[in-house]
Structure formats: structure tokens, C-alpha cells
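S.K.: Sharing input33.pdb (PDB, C-alpha atoms) below.
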```pdb
ATOM      1  CA  MET H  20      66.723  48.810  81.884
ATOM      2  CA  ARG H  21      66.054  52.389  82.920
ATOM      3  CA  LEU H  22      63.341  51.252  85.257
ATOM      4  CA  LEU H  23      65.690  48.777  86.829
ATOM      5  CA  LEU H  24      68.268  51.481  87.423
ATOM      6  CA  ILE H  25      65.725  53.759  89.019
ATOM      7  CA  ALA H  26      64.541  50.947  91.218
ATOM      8  CA  LEU H  27      68.104  50.240  92.257
ATOM      9  CA  LEU H  28      68.753  53.883  93.072
ATOM     10  CA  LEU H  29      65.596  54.093  95.121
ATOM     11  CA  LEU H  30      66.558  50.962  96.960
ATOM     12  CA  THR H  31      69.998  52.267  97.961
ATOM     13  CA  ASN H  32      68.296  55.410  99.163
ATOM     14  CA  VAL H  33      65.968  53.425 101.331
ATOM     15  CA  CYS H  34      68.900  51.421 102.675
ATOM     16  CA  PHE H  35      70.709  54.588 103.590
ATOM     17  CA  ALA H  36      67.744  56.065 105.395
ATOM     18  CA  GLN H  37      67.202  52.740 107.083
ATOM     19  CA  SER H  38      70.757  52.594 108.437
ATOM     20  CA  GLN H  39      70.251  55.873 110.329
ATOM     21  CA  HIS H  40      67.127  54.413 111.839
ATOM     22  CA  ASP H  41      68.925  51.237 112.821
ATOM     23  CA  LEU H  42      71.593  53.210 114.632
ATOM     24  CA  TYR H  43      69.055  55.290 116.494
ATOM     25  CA  PRO H  44      65.979  53.144 116.965
ATOM     26  CA  PHE H  45      62.768  54.580 118.380
ATOM     27  CA  ASN H  46      59.638  52.803 119.496
ATOM     28  CA  ASP H  47      57.608  55.953 119.184
ATOM     29  CA  ALA H  48      56.955  57.343 115.699
ATOM     30  CA  LYS H  49      56.544  60.848 117.093
ATOM     31  CA  GLN H  50      59.975  60.736 118.693
ATOM     32  CA  GLN H  51      61.411  59.381 115.478
ATOM     33  CA  ALA H  52      59.883  62.281 113.581
ATOM     34  CA  LEU H  53      61.237  64.781 116.106
ATOM     35  CA  PHE H  54      64.735  63.288 115.877
ATOM     36  CA  ASP H  55      64.605  63.420 112.060
ATOM     37  CA  LYS H  56      63.356  66.986 112.183
ATOM     38  CA  ILE H  57      65.909  68.355 114.653
ATOM     39  CA  LEU H  58      69.164  66.923 113.300
ATOM     40  CA  PRO H  59      69.288  68.480 109.809
ATOM     41  CA  ASN H  60      68.817  71.913 111.376
ATOM     42  CA  LEU H  61      71.835  71.649 113.634
ATOM     43  CA  ARG H  62      75.300  72.579 112.496
ATOM     44  CA  CYS H  63      78.289  70.369 113.116
ATOM     45  CA  LEU H  64      80.785  72.655 114.857
ATOM     46  CA  VAL H  65      83.785  70.882 113.386
ATOM     47  CA  CYS H  66      82.866  70.641 109.684
ATOM     48  CA  GLN H  67      80.754  73.718 109.766
ATOM     49  CA  ASN H  68      78.842  73.300 106.539
ATOM     50  CA  GLU H  69      77.509  69.895 107.449
ATOM     51  CA  SER H  70      74.562  69.208 109.650
ATOM     52  CA  LEU H  71      74.571  66.872 112.606
ATOM     53  CA  MET H  72      72.564  64.508 110.423
ATOM     54  CA  GLU H  73      75.280  64.050 107.810
ATOM     55  CA  SER H  74      78.557  64.784 109.543
ATOM     56  CA  ASN H  75      80.855  61.988 110.627
ATOM     57  CA  ALA H  76      83.087  64.101 112.831
ATOM     58  CA  PRO H  77      83.465  62.514 116.273
ATOM     59  CA  LEU H  78      81.836  65.509 117.924
ATOM     60  CA  ALA H  79      78.876  65.259 115.541
ATOM     61  CA  GLN H  80      78.480  61.598 116.431
ATOM     62  CA  ASP H  81      78.537  62.447 120.134
ATOM     63  CA  LEU H  82      76.028  65.240 119.675
ATOM     64  CA  ARG H  83      73.786  62.959 117.628
ATOM     65  CA  GLY H  84      73.895  60.478 120.480
ATOM     66  CA  ASP H  85      73.126  63.253 122.914
ATOM     67  CA  VAL H  86      70.111  64.453 120.915
ATOM     68  CA  TYR H  87      68.984  60.828 120.591
ATOM     69  CA  ARG H  88      69.066  60.308 124.344
ATOM     70  CA  GLN H  89      67.257  63.574 124.967
ATOM     71  CA  VAL H  90      64.523  62.756 122.445
ATOM     72  CA  LYS H  91      64.160  59.284 123.922
ATOM     73  CA  SER H  92      63.807  60.677 127.413
ATOM     74  CA  GLY H  93      60.824  62.627 126.129
ATOM     75  CA  LYS H  94      62.259  66.139 125.935
ATOM     76  CA  SER H  95      60.587  68.635 123.655
ATOM     77  CA  GLU H  96      62.169  70.268 120.640
ATOM     78  CA  HIS H  97      62.302  73.551 122.540
ATOM     79  CA  ASP H  98      64.143  71.969 125.497
ATOM     80  CA  ILE H  99      66.720  70.304 123.288
ATOM     81  CA  MET H 100      67.358  73.459 121.268
ATOM     82  CA  GLN H 101      67.662  75.409 124.509
ATOM     83  CA  TYR H 102      70.143  72.876 125.881
ATOM     84  CA  LEU H 103      72.319  73.058 122.781
ATOM     85  CA  THR H 104      72.211  76.801 122.228
ATOM     86  CA  THR H 105      73.102  77.651 125.830
ATOM     87  CA  ARG H 106      76.206  75.519 125.388
ATOM     88  CA  TYR H 107      77.188  76.018 121.769
ATOM     89  CA  GLY H 108      75.515  79.333 121.031
ATOM     90  CA  ASP H 109      73.198  80.258 118.183
ATOM     91  CA  PHE H 110      75.968  79.188 115.844
ATOM     92  CA  ILE H 111      74.748  75.609 116.106
ATOM     93  CA  LEU H 112      71.494  76.602 114.404
ATOM     94  CA  PHE H 113      71.604  76.549 110.622
ATOM     95  CA  LYS H 114      68.726  78.979 110.473
ATOM     96  CA  PRO H 115      69.479  82.003 112.623
ATOM     97  CA  ARG H 116      66.785  83.067 115.073
ATOM     98  CA  VAL H 117      64.967  86.322 114.426
ATOM     99  CA  ASP H 118      66.008  88.657 117.257
ATOM    100  CA  SER H 119      67.553  92.100 117.670
ATOM    101  CA  LYS H 120      71.000  90.714 116.834
ATOM    102  CA  THR H 121      69.880  89.220 113.534
ATOM    103  CA  TYR H 122      67.382  91.843 112.318
ATOM    104  CA  ILE H 123      69.976  93.244 109.931
ATOM    105  CA  LEU H 124      70.576  89.748 108.577
ATOM    106  CA  TRP H 125      66.906  88.967 108.041
ATOM    107  CA  PHE H 126      65.624  92.347 106.949
ATOM    108  CA  GLY H 127      68.752  94.130 105.689
ATOM    109  CA  PRO H 128      68.420  92.793 102.118
ATOM    110  CA  PHE H 129      64.788  93.954 101.918
ATOM    111  CA  VAL H 130      65.762  97.392 103.192
ATOM    112  CA  LEU H 131      68.468  97.576 100.522
ATOM    113  CA  LEU H 132      66.040  96.348  97.881
ATOM    114  CA  GLY H 133      63.514  98.985  98.945
ATOM    115  CA  PHE H 134      66.186 101.622  98.815
ATOM    116  CA  GLY H 135      67.138 100.520  95.304
ATOM    117  CA  LEU H 136      63.517 100.614  94.158
ATOM    118  CA  VAL H 137      63.029 104.112  95.533
ATOM    119  CA  LEU H 138      66.188 105.180  93.737
ATOM    120  CA  VAL H 139      65.058 103.667  90.431
ATOM    121  CA  ILE H 140      61.621 105.286  90.694
ATOM    122  CA  PHE H 141      63.215 108.585  91.595
ATOM    123  CA  ILE H 142      65.512 108.465  88.568
ATOM    124  CA  ALA H 143      62.703 107.327  86.252
ATOM    125  CA  LEU H 144      60.450 110.168  87.358
ATOM    126  CA  ARG H 145      63.222 112.661  86.794
ATOM    127  CA  ARG H 146      63.741 111.406  83.263
ATOM    128  CA  LYS H 147      60.099 111.859  82.480
ATOM    129  CA  SER H 148      60.170 115.442  83.622
ATOM    130  CA  ILE H 149      62.916 116.333  81.140
ATOM    131  CA  LYS H 150      61.244 117.972  78.161
ATOM    132  CA  PRO H 151      61.996 116.537  74.735
ATOM    133  CA  ILE H 152      64.280 118.794  72.729
ATOM    134  CA  VAL H 153      62.537 120.406  69.815
ATOM    135  CA  LEU H 154      64.767 121.363  66.910
ATOM    136  CA  SER H 155      64.118 124.313  64.673
ATOM    137  CA  LYS H 156      63.914 123.725  60.950
ATOM    138  CA  GLU H 157      67.479 124.962  60.412
ATOM    139  CA  GLN H 158      68.828 122.757  63.157
ATOM    140  CA  GLN H 159      66.961 119.778  61.757
ATOM    141  CA  GLN H 160      68.475 120.252  58.316
ATOM    142  CA  ARG H 161      71.945 120.629  59.779
ATOM    143  CA  ALA H 162      71.577 117.509  61.778
ATOM    144  CA  GLU H 163      70.451 115.513  58.769
ATOM    145  CA  LYS H 164      73.368 116.820  56.797
ATOM    146  CA  LEU H 165      75.821 115.850  59.479
ATOM    147  CA  LEU H 166      74.360 112.389  59.678
ATOM    148  CA  ARG H 167      74.590 111.932  55.959
ATOM    149  CA  GLU H 168      78.244 112.993  55.926
ATOM    150  CA  ALA H 169      79.042 110.647  58.669
ATOM    151  CA  SER H 170      77.632 107.572  56.945
TER     152      SER H 170
ATOM    153  CA  MET D  20      73.031 120.051  92.523
ATOM    154  CA  LYS D  21      73.670 119.328  96.178
ATOM    155  CA  LYS D  22      70.768 116.922  96.237
ATOM    156  CA  ARG D  23      72.149 115.092  93.283
ATOM    157  CA  LEU D  24      75.533 114.737  94.927
ATOM    158  CA  ALA D  25      73.874 113.220  97.978
ATOM    159  CA  VAL D  26      71.966 110.720  95.842
ATOM    160  CA  THR D  27      75.159 109.591  94.150
ATOM    161  CA  LEU D  28      77.112 109.452  97.362
ATOM    162  CA  VAL D  29      74.681 107.323  99.387
ATOM    163  CA  PRO D  30      75.131 104.115  97.335
ATOM    164  CA  LEU D  31      78.867 104.655  97.370
ATOM    165  CA  LEU D  32      78.745 104.988 101.128
ATOM    166  CA  ILE D  33      76.704 101.810 101.526
ATOM    167  CA  PHE D  34      79.146 100.056  99.223
ATOM    168  CA  LEU D  35      82.111 101.213 101.284
ATOM    169  CA  VAL D  36      80.486 100.085 104.545
ATOM    170  CA  LEU D  37      79.817  96.641 103.035
ATOM    171  CA  ILE D  38      83.389  96.396 101.765
ATOM    172  CA  GLY D  39      84.566  97.266 105.264
ATOM    173  CA  LEU D  40      82.429  94.529 106.803
ATOM    174  CA  PHE D  41      83.504  91.930 104.262
ATOM    175  CA  PHE D  42      87.133  92.887 104.714
ATOM    176  CA  ARG D  43      86.812  92.420 108.455
ATOM    177  CA  GLY D  44      85.091  89.086 107.812
ATOM    178  CA  LEU D  45      88.078  87.897 105.817
ATOM    179  CA  HIS D  46      90.249  88.174 108.886
ATOM    180  CA  LEU D  47      87.938  86.458 111.336
ATOM    181  CA  ASN D  48      88.533  82.827 112.127
ATOM    182  CA  PRO D  49      85.267  80.902 111.700
ATOM    183  CA  HIS D  50      86.688  78.092 113.800
ATOM    184  CA  LYS D  51      86.889  80.318 116.854
ATOM    185  CA  ILE D  52      83.352  80.331 118.121
ATOM    186  CA  PRO D  53      83.059  82.331 121.319
ATOM    187  CA  SER D  54      81.525  80.327 124.138
ATOM    188  CA  ALA D  55      77.844  80.884 124.717
ATOM    189  CA  LEU D  56      78.484  80.217 128.397
ATOM    190  CA  ILE D  57      80.464  83.392 129.014
ATOM    191  CA  GLY D  58      78.801  85.339 131.815
ATOM    192  CA  LYS D  59      76.768  82.297 132.832
ATOM    193  CA  GLN D  60      77.138  79.679 135.536
ATOM    194  CA  VAL D  61      79.157  76.587 134.709
ATOM    195  CA  PRO D  62      76.559  73.923 133.915
ATOM    196  CA  GLU D  63      76.005  71.536 136.807
ATOM    197  CA  PHE D  64      78.198  68.486 136.606
ATOM    198  CA  THR D  65      79.320  65.545 138.656
ATOM    199  CA  ALA D  66      82.416  63.821 137.393
ATOM    200  CA  GLU D  67      84.971  61.300 138.388
ATOM    201  CA  THR D  68      88.604  62.360 138.470
ATOM    202  CA  LEU D  69      91.468  60.416 136.956
ATOM    203  CA  SER D  70      92.315  59.273 140.464
ATOM    204  CA  GLU D  71      88.723  58.055 140.908
ATOM    205  CA  LYS D  72      87.334  60.691 143.241
ATOM    206  CA  ARG D  73      83.960  62.362 142.799
ATOM    207  CA  ILE D  74      83.954  66.039 142.034
ATOM    208  CA  THR D  75      81.092  68.433 141.273
ATOM    209  CA  ASN D  76      80.968  72.016 140.071
ATOM    210  CA  ARG D  77      80.113  73.076 143.638
ATOM    211  CA  ASP D  78      83.395  71.723 144.994
ATOM    212  CA  LEU D  79      85.199  74.260 142.854
ATOM    213  CA  LEU D  80      83.303  77.338 144.069
ATOM    214  CA  GLY D  81      85.096  80.022 146.069
ATOM    215  CA  HIS D  82      88.201  80.529 143.989
ATOM    216  CA  VAL D  83      89.160  81.520 140.486
ATOM    217  CA  TYR D  84      90.386  78.596 138.422
ATOM    218  CA  LEU D  85      91.251  77.490 134.933
ATOM    219  CA  LEU D  86      89.584  74.454 133.457
ATOM    220  CA  ASN D  87      91.746  73.083 130.685
ATOM    221  CA  VAL D  88      90.204  70.574 128.298
ATOM    222  CA  TRP D  89      92.849  68.205 126.968
ATOM    223  CA  ALA D  90      93.498  64.634 125.873
ATOM    224  CA  SER D  91      96.531  62.430 125.527
ATOM    225  CA  TRP D  92      95.708  61.924 121.822
ATOM    226  CA  CYS D  93      95.700  65.666 121.149
ATOM    227  CA  LEU D  94      98.903  66.984 119.610
ATOM    228  CA  THR D  95      98.170  70.621 120.302
ATOM    229  CA  CYS D  96      97.727  69.747 123.971
ATOM    230  CA  ARG D  97     101.216  68.296 123.928
ATOM    231  CA  ALA D  98     102.480  71.593 122.523
ATOM    232  CA  GLU D  99     100.549  73.560 125.116
ATOM    233  CA  HIS D 100     101.677  71.417 128.013
ATOM    234  CA  PRO D 101     104.975  73.211 128.886
ATOM    235  CA  GLU D 102     103.116  76.511 129.187
ATOM    236  CA  LEU D 103     100.566  74.941 131.533
ATOM    237  CA  MET D 104     103.451  73.593 133.618
ATOM    238  CA  ALA D 105     104.933  77.094 133.742
ATOM    239  CA  ILE D 106     101.586  78.580 134.810
ATOM    240  CA  ALA D 107     101.166  75.922 137.502
ATOM    241  CA  LYS D 108     104.631  76.734 138.812
ATOM    242  CA  THR D 109     103.729  80.377 139.406
ATOM    243  CA  HIS D 110     100.891  79.307 141.754
ATOM    244  CA  VAL D 111      98.837  82.245 140.487
ATOM    245  CA  VAL D 112      95.786  80.127 139.767
ATOM    246  CA  PRO D 113      94.898  76.446 140.139
ATOM    247  CA  ILE D 114      94.401  74.562 136.882
ATOM    248  CA  TYR D 115      91.873  71.776 136.683
ATOM    249  CA  GLY D 116      91.972  69.403 133.763
ATOM    250  CA  LEU D 117      89.196  67.797 131.807
ATOM    251  CA  ASP D 118      90.476  64.691 130.102
ATOM    252  CA  TYR D 119      88.285  64.558 127.005
ATOM    253  CA  LYS D 120      87.432  61.251 125.280
ATOM    254  CA  ASP D 121      90.513  59.536 126.565
ATOM    255  CA  LYS D 122      91.593  56.306 128.196
ATOM    256  CA  ARG D 123      92.467  56.441 131.858
ATOM    257  CA  ASP D 124      95.759  54.552 131.533
ATOM    258  CA  THR D 125      97.061  56.527 128.584
ATOM    259  CA  ALA D 126      96.093  59.779 130.277
ATOM    260  CA  LYS D 127      97.860  58.803 133.473
ATOM    261  CA  ASP D 128     100.959  57.749 131.543
ATOM    262  CA  TRP D 129     100.925  61.034 129.681
ATOM    263  CA  LEU D 130     100.870  63.035 132.903
ATOM    264  CA  GLN D 131     103.569  60.877 134.435
ATOM    265  CA  THR D 132     105.853  61.292 131.440
ATOM    266  CA  PHE D 133     105.402  64.998 130.824
ATOM    267  CA  GLY D 134     104.431  66.258 134.282
ATOM    268  CA  ASN D 135     101.098  67.100 135.860
ATOM    269  CA  PRO D 136     100.076  70.766 135.982
ATOM    270  CA  TYR D 137      96.562  69.954 137.209
ATOM    271  CA  LYS D 138      95.164  70.134 140.700
ATOM    272  CA  ALA D 139      92.689  67.464 139.662
ATOM    273  CA  VAL D 140      91.649  66.000 136.336
ATOM    274  CA  LEU D 141      88.007  65.311 135.538
ATOM    275  CA  PHE D 142      87.759  62.170 133.480
ATOM    276  CA  ASP D 143      85.344  62.291 130.558
ATOM    277  CA  PRO D 144      85.806  59.102 128.503
ATOM    278  CA  LYS D 145      82.670  59.570 126.391
ATOM    279  CA  GLY D 146      82.778  63.302 125.922
ATOM    280  CA  GLN D 147      79.472  63.879 127.747
ATOM    281  CA  LEU D 148      80.909  66.392 130.160
ATOM    282  CA  GLY D 149      82.519  68.083 127.192
ATOM    283  CA  ILE D 150      79.137  68.491 125.494
ATOM    284  CA  ASN D 151      77.693  69.776 128.751
ATOM    285  CA  LEU D 152      80.346  72.506 128.716
ATOM    286  CA  GLY D 153      80.002  73.265 125.009
ATOM    287  CA  VAL D 154      83.434  71.923 124.129
ATOM    288  CA  TYR D 155      83.951  71.434 120.403
ATOM    289  CA  GLY D 156      87.682  70.846 120.195
ATOM    290  CA  VAL D 157      90.756  70.407 122.307
ATOM    291  CA  PRO D 158      92.487  72.222 123.830
ATOM    292  CA  GLU D 159      90.069  74.733 125.262
ATOM    293  CA  THR D 160      90.507  76.578 128.530
ATOM    294  CA  PHE D 161      87.761  78.109 130.620
ATOM    295  CA  VAL D 162      88.397  80.898 133.102
ATOM    296  CA  ILE D 163      85.915  80.537 135.941
ATOM    297  CA  ASP D 164      85.454  83.022 138.763
ATOM    298  CA  LYS D 165      84.776  82.603 142.479
ATOM    299  CA  LYS D 166      81.037  82.367 141.975
ATOM    300  CA  GLY D 167      81.327  79.684 139.328
ATOM    301  CA  VAL D 168      80.612  82.015 136.423
ATOM    302  CA  VAL D 169      82.453  81.375 133.155
ATOM    303  CA  ARG D 170      84.396  84.535 132.365
ATOM    304  CA  ASP D 171      86.293  83.496 129.285
ATOM    305  CA  LYS D 172      87.068  80.548 127.095
ATOM    306  CA  PHE D 173      90.409  80.352 125.368
ATOM    307  CA  ILE D 174      90.268  78.219 122.239
ATOM    308  CA  GLY D 175      93.422  76.480 121.093
ATOM    309  CA  GLU D 176      96.922  76.383 122.458
ATOM    310  CA  ILE D 177      97.786  78.826 125.242
ATOM    311  CA  GLN D 178     101.167  80.329 124.516
ATOM    312  CA  ALA D 179     103.310  82.398 126.876
ATOM    313  CA  ASP D 180     102.040  85.645 125.314
ATOM    314  CA  ASP D 181      98.404  84.635 125.729
ATOM    315  CA  TRP D 182      98.988  83.930 129.376
ATOM    316  CA  HIS D 183     100.903  87.123 130.151
ATOM    317  CA  GLU D 184      98.861  89.514 128.058
ATOM    318  CA  HIS D 185      95.404  88.072 128.319
ATOM    319  CA  LEU D 186      94.743  85.305 130.823
ATOM    320  CA  GLU D 187      96.922  86.348 133.765
ATOM    321  CA  PRO D 188      95.531  89.905 133.923
ATOM    322  CA  LEU D 189      91.980  88.520 133.727
ATOM    323  CA  VAL D 190      92.651  85.975 136.482
ATOM    324  CA  LYS D 191      94.172  88.663 138.738
ATOM    325  CA  LYS D 192      91.264  90.999 138.107
ATOM    326  CA  LEU D 193      88.788  88.260 139.015
ATOM    327  CA  GLN D 194      90.768  87.301 142.111
ATOM    328  CA  ALA D 195      90.712  90.925 143.309
ATOM    329  CA  LYS D 196      86.907  90.929 143.149
ATOM    330  CA  LYS D 197      84.953  89.841 146.177
TER     331      LYS D 197
END
```
I'd like the structure from this file rewritten - as C-alpha cells, please.

M.R.:
Amino acid sequence: MRLLLIALLLLTNVCFAQSQHDLYPFNDAKQQALFDKILPNLRCLVCQNESLMESNAPLAQDLRGDVYRQVKSGKSEHDIMQYLTTRYGDFILFKPRVDSKTYILWFGPFVLLGFGLVLVIFIALRRKSIKPIVLSKEQQQRAEKLLREAS
Amino acid sequence: MKKRLAVTLVPLLIFLVLIGLFFRGLHLNPHKIPSALIGKQVPEFTAETLSEKRITNRDLLGHVYLLNVWASWCLTCRAEHPELMAIAKTHVVPIYGLDYKDKRDTAKDWLQTFGNPYKAVLFDPKGQLGINLGVYGVPETFVIDKKGVVRDKFIGEIQADDWHEHLEPLVKKLQAKK
């Protein structure tokens, strides 16, 4: 029974993947691979948390068609990305590019982490340098007495 | 002691800067994506107008103009329409239309019923021209200068205030330039 269910699930998955391929057929496996690689990395500008692969917004459908035509005409990944980013900006990329505008985004967390580490080490070293307090005999007895009273 | 104060204050400072940034982020509209074409040439295009004439980006060189993306199915465009009519009436700047993913007949009817503020309307039934210009919603309005460089893109409905305070001054400034 379980096996059957798994088989069924796998089958629906295959059907789903197949439907995308039916809508955008390629003769060339390389172009197919490029198309499949590019789309999930592009943001739909209408429903902004969906990629062009999954979104059903009309604009996403148009852009999918546009990417399809460009891939079919033999354009490279770089050309297509260039075409889209000059028109829609870097916002269309799910993964921001590493350039001077995004350094803080890419490296900021590591800088903060480094800063935190330095701070922790600094504090730890300071603690170590504090000498343990040595009590005299009298003080020791008083302390024990106080503790006893308290309990 | 002073050193210690500094060490305690630095994280606080970083925290405050972050809070400031996040607070600013709360008030930004993620649906207003500034055009990547600002400061760049309008992408080359050849289009057919609603009245079936050919028009290219080169035909529009030499004067400042607005390019308003609209559609007869777009409600916000309907709301924006009276303001476009008012702008057209002032003769300050010609407005070209881009009829986005529309049907020719419905678009023509729309203009006949409500009035036509456009000098010409580029017809884009499949939204290809729209993609070429980086359009992601309607209405959007480009401000394009004499050399065909995109100077601004207004996203959403232009209201009287937007025209008087923002677009009109920009248009006049661009017209004054050589």
C-alpha cells in the first residue's frame, strides 16, 4: 500500500514536470537545461516571492514565453540575464549579484559575526585576568556562618 | 573606564542603526521598483499604433514626451484618465500611449467614450513591447527627454499633485535643456 502511494506521488510529480516541458518544448537538450536553470532564479515582479518558473501571474507567463523564445533563438544565459536586468533591474534576480552595492548584504553578516567574536574573546580574556579573591581565615568563618544562617 | 564605555556603546550604536534601517524599510513600498532604464536610452522598438501606423523610438526623438502605459481593462487607468486629459489640455508636453495587452476595438471604444489624451497610441496586444520597456504593471508613465533617454518612470496613477509637484517641473527642466 505504502509503495503504491509513493509510486502515485512520484507519478504526479513526473506529470507536473512533464507539463512544463509540453508547454515549452525544446529539440535541444542543452537549451532545455538552460531554460530549466534560468527560470527558477528569476523573480516574478508581480508576486514577488515566486519565481518565473512557478508563478501564474500574466506577466510571469509573458516573461516565461520571452525567455523561451530567447533560449530557442540560441542566446546565452549571460545575454538573457543582461536583457532582463537592463529592463527590470537586479530586482528580478533572486540571488543578488556581488558588487559594490551589495557588499554590505553579502559580507555585512560576517563582519558583524567577526565583531561579536572579537568582543567575546575580549571579554573572556578580561575575566581571566581578574584574580580570584582569597579570603582570610576570619572572613571564611564569617561567610560559612552567614550561609548556615541563611539555609 | 572610558574604554569600557566605548565597548558597551558600540553594540548599542549598531543596534540603533539597524533599527533605523528596518524602520525605514517598513515604510518602503516593495511594489514600487524603480526602473532600471532611468538614465539609459529607451530600448529600440518598432510598433504599430492603434490607428495602424508604424512608429519607432527614433520618430519620437527631439522632444520631451510622456509615455503612458495603459489598457482598457485597467481600472486604475480609468481613474488616472481625467488627469491625463487635463495634462494634454495644457499642451505642456505630448503624451504617447502604450496600449498594453489589449484588444484594438475595446481600446478604441475606450478612447472614444472617455476622450483621447494621446498624440499616438502604440498597440501592444501581446505585451512584448511592455517587456522590452520593463513594464510590470499598468499604469506606468515614462518621462523621456529630447535625446531619447528615460529620465523617470512614474508607477501607478498620476494624480494632480504628482503632476504639479513632480512631473511638470521635471518636464520643464528637461525642455529647457538643449

S.K.: Once you count only C-alpha atoms, which residues of chain D turn out to be within 7 Å of chain H? Could you give them as an NGL selection string?

M.R.: :D and (54-56 or 151-153 or 155)

S.K.: Quick one: of H:Glu168, H:Glu73, H:Asp55, H:Glu163, who's nearest to Val90 of chain H, counting all atoms listed in the file?

M.R.: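 Smallest distance to Val90 of chain H is found for H:Asp55.
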
S.K.: Please determine, counting only C-alpha atoms, which residue among D:Leu79, D:Val162, D:Val168, D:Cys93 has the shortest atom-to-atom distance to His185 of chain D.

M.R.: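 Distance minimum relative to His185 of chain D lands on D:Val162.
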
S.K.: I'd like the residues picked by the PyMOL selection byres ((chain D and resi 58-75) around 9) written out as a ChimeraX atom specification, using the chain letters and numbers from the file.

M.R.: /H:106 /D:55-57,76-79,117-118,123,126-127,139-143,148,151-152,163,166-171

S.K.: Using Å and a single decimal, report how far atom CA of Val86 of chain H sits from atom CA of Gln51 of chain H.

M.R.: 11.4 Å

S.K.: Do a neighbour search on Asp121 of chain D at 6 Å with all atoms listed in the file, toss out local chain neighbours closer than 2 positions, and write the hits as a list in words.

M.R.: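 Those residues are Ala90, Tyr119 and Pro144 of chain D.
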
S.K.: Can you tell me, as a PyMOL selection string, what residues are no more than 12 Å from segment 31-43 of chain D when counting all atoms listed in the file, ignoring any on the same chain fewer than 4 positions away?

M.R.: (chain H and resi 127+130-131+134-135) or (chain D and resi 24-27+47-48)

S.K.: Output C-alpha atoms for every residue in the selection just made, as a PDB file, in the coordinates of the input.

M.R.:
```pdb
ATOM      1  CA  GLY H 127      68.752  94.130 105.689  1.00  0.00           C
ATOM      2  CA  VAL H 130      65.762  97.392 103.192  1.00  0.00           C
ATOM      3  CA  LEU H 131      68.468  97.576 100.522  1.00  0.00           C
ATOM      4  CA  PHE H 134      66.186 101.622  98.815  1.00  0.00           C
ATOM      5  CA  GLY H 135      67.138 100.520  95.304  1.00  0.00           C
TER       6      GLY H 135
ATOM      7  CA  LEU D  24      75.533 114.737  94.927  1.00  0.00           C
ATOM      8  CA  ALA D  25      73.874 113.220  97.978  1.00  0.00           C
ATOM      9  CA  VAL D  26      71.966 110.720  95.842  1.00  0.00           C
ATOM     10  CA  THR D  27      75.159 109.591  94.150  1.00  0.00           C
ATOM     11  CA  LEU D  47      87.938  86.458 111.336  1.00  0.00           C
ATOM     12  CA  ASN D  48      88.533  82.827 112.127  1.00  0.00           C
TER      13      ASN D  48
END
```

S.K.: Applying the PyMOL selection byres ((chain H and resi 113) around 10) to the file I just gave you, which residues come out? Please list them as a ChimeraX atom specification.

M.R.: /H:59-63,67-70,109-112,114-116

S.K.: Rounded to one decimal, what separation in Å do you get between atom CA of Leu85 of chain D and atom CA of Pro113 of chain D?

M.R.: 6.4 Å

S.K.: Between atom CA of Leu189 of chain D and atom CA of Gly134 of chain D, measure the distance and give it in Å to one decimal.

M.R.: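 Distance between the two atoms: 25.5 Å.
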
S.K.: Evaluated on this file, the PyMOL selection byres ((chain D and resi 94) around 12) picks out some residues - which ones are they, written as a list of chain:residue names?

M.R.: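 This file, filtered by the PyMOL selection byres ((chain D and resi 94) around 12), leaves D:Trp89, D:Ala90, D:Ser91, D:Trp92, D:Cys93, D:Thr95, D:Cys96, D:Arg97, D:Ala98, D:Glu99, D:His100, D:Trp129, D:Gly156, D:Val157, D:Pro158, D:Gly175, D:Glu176.
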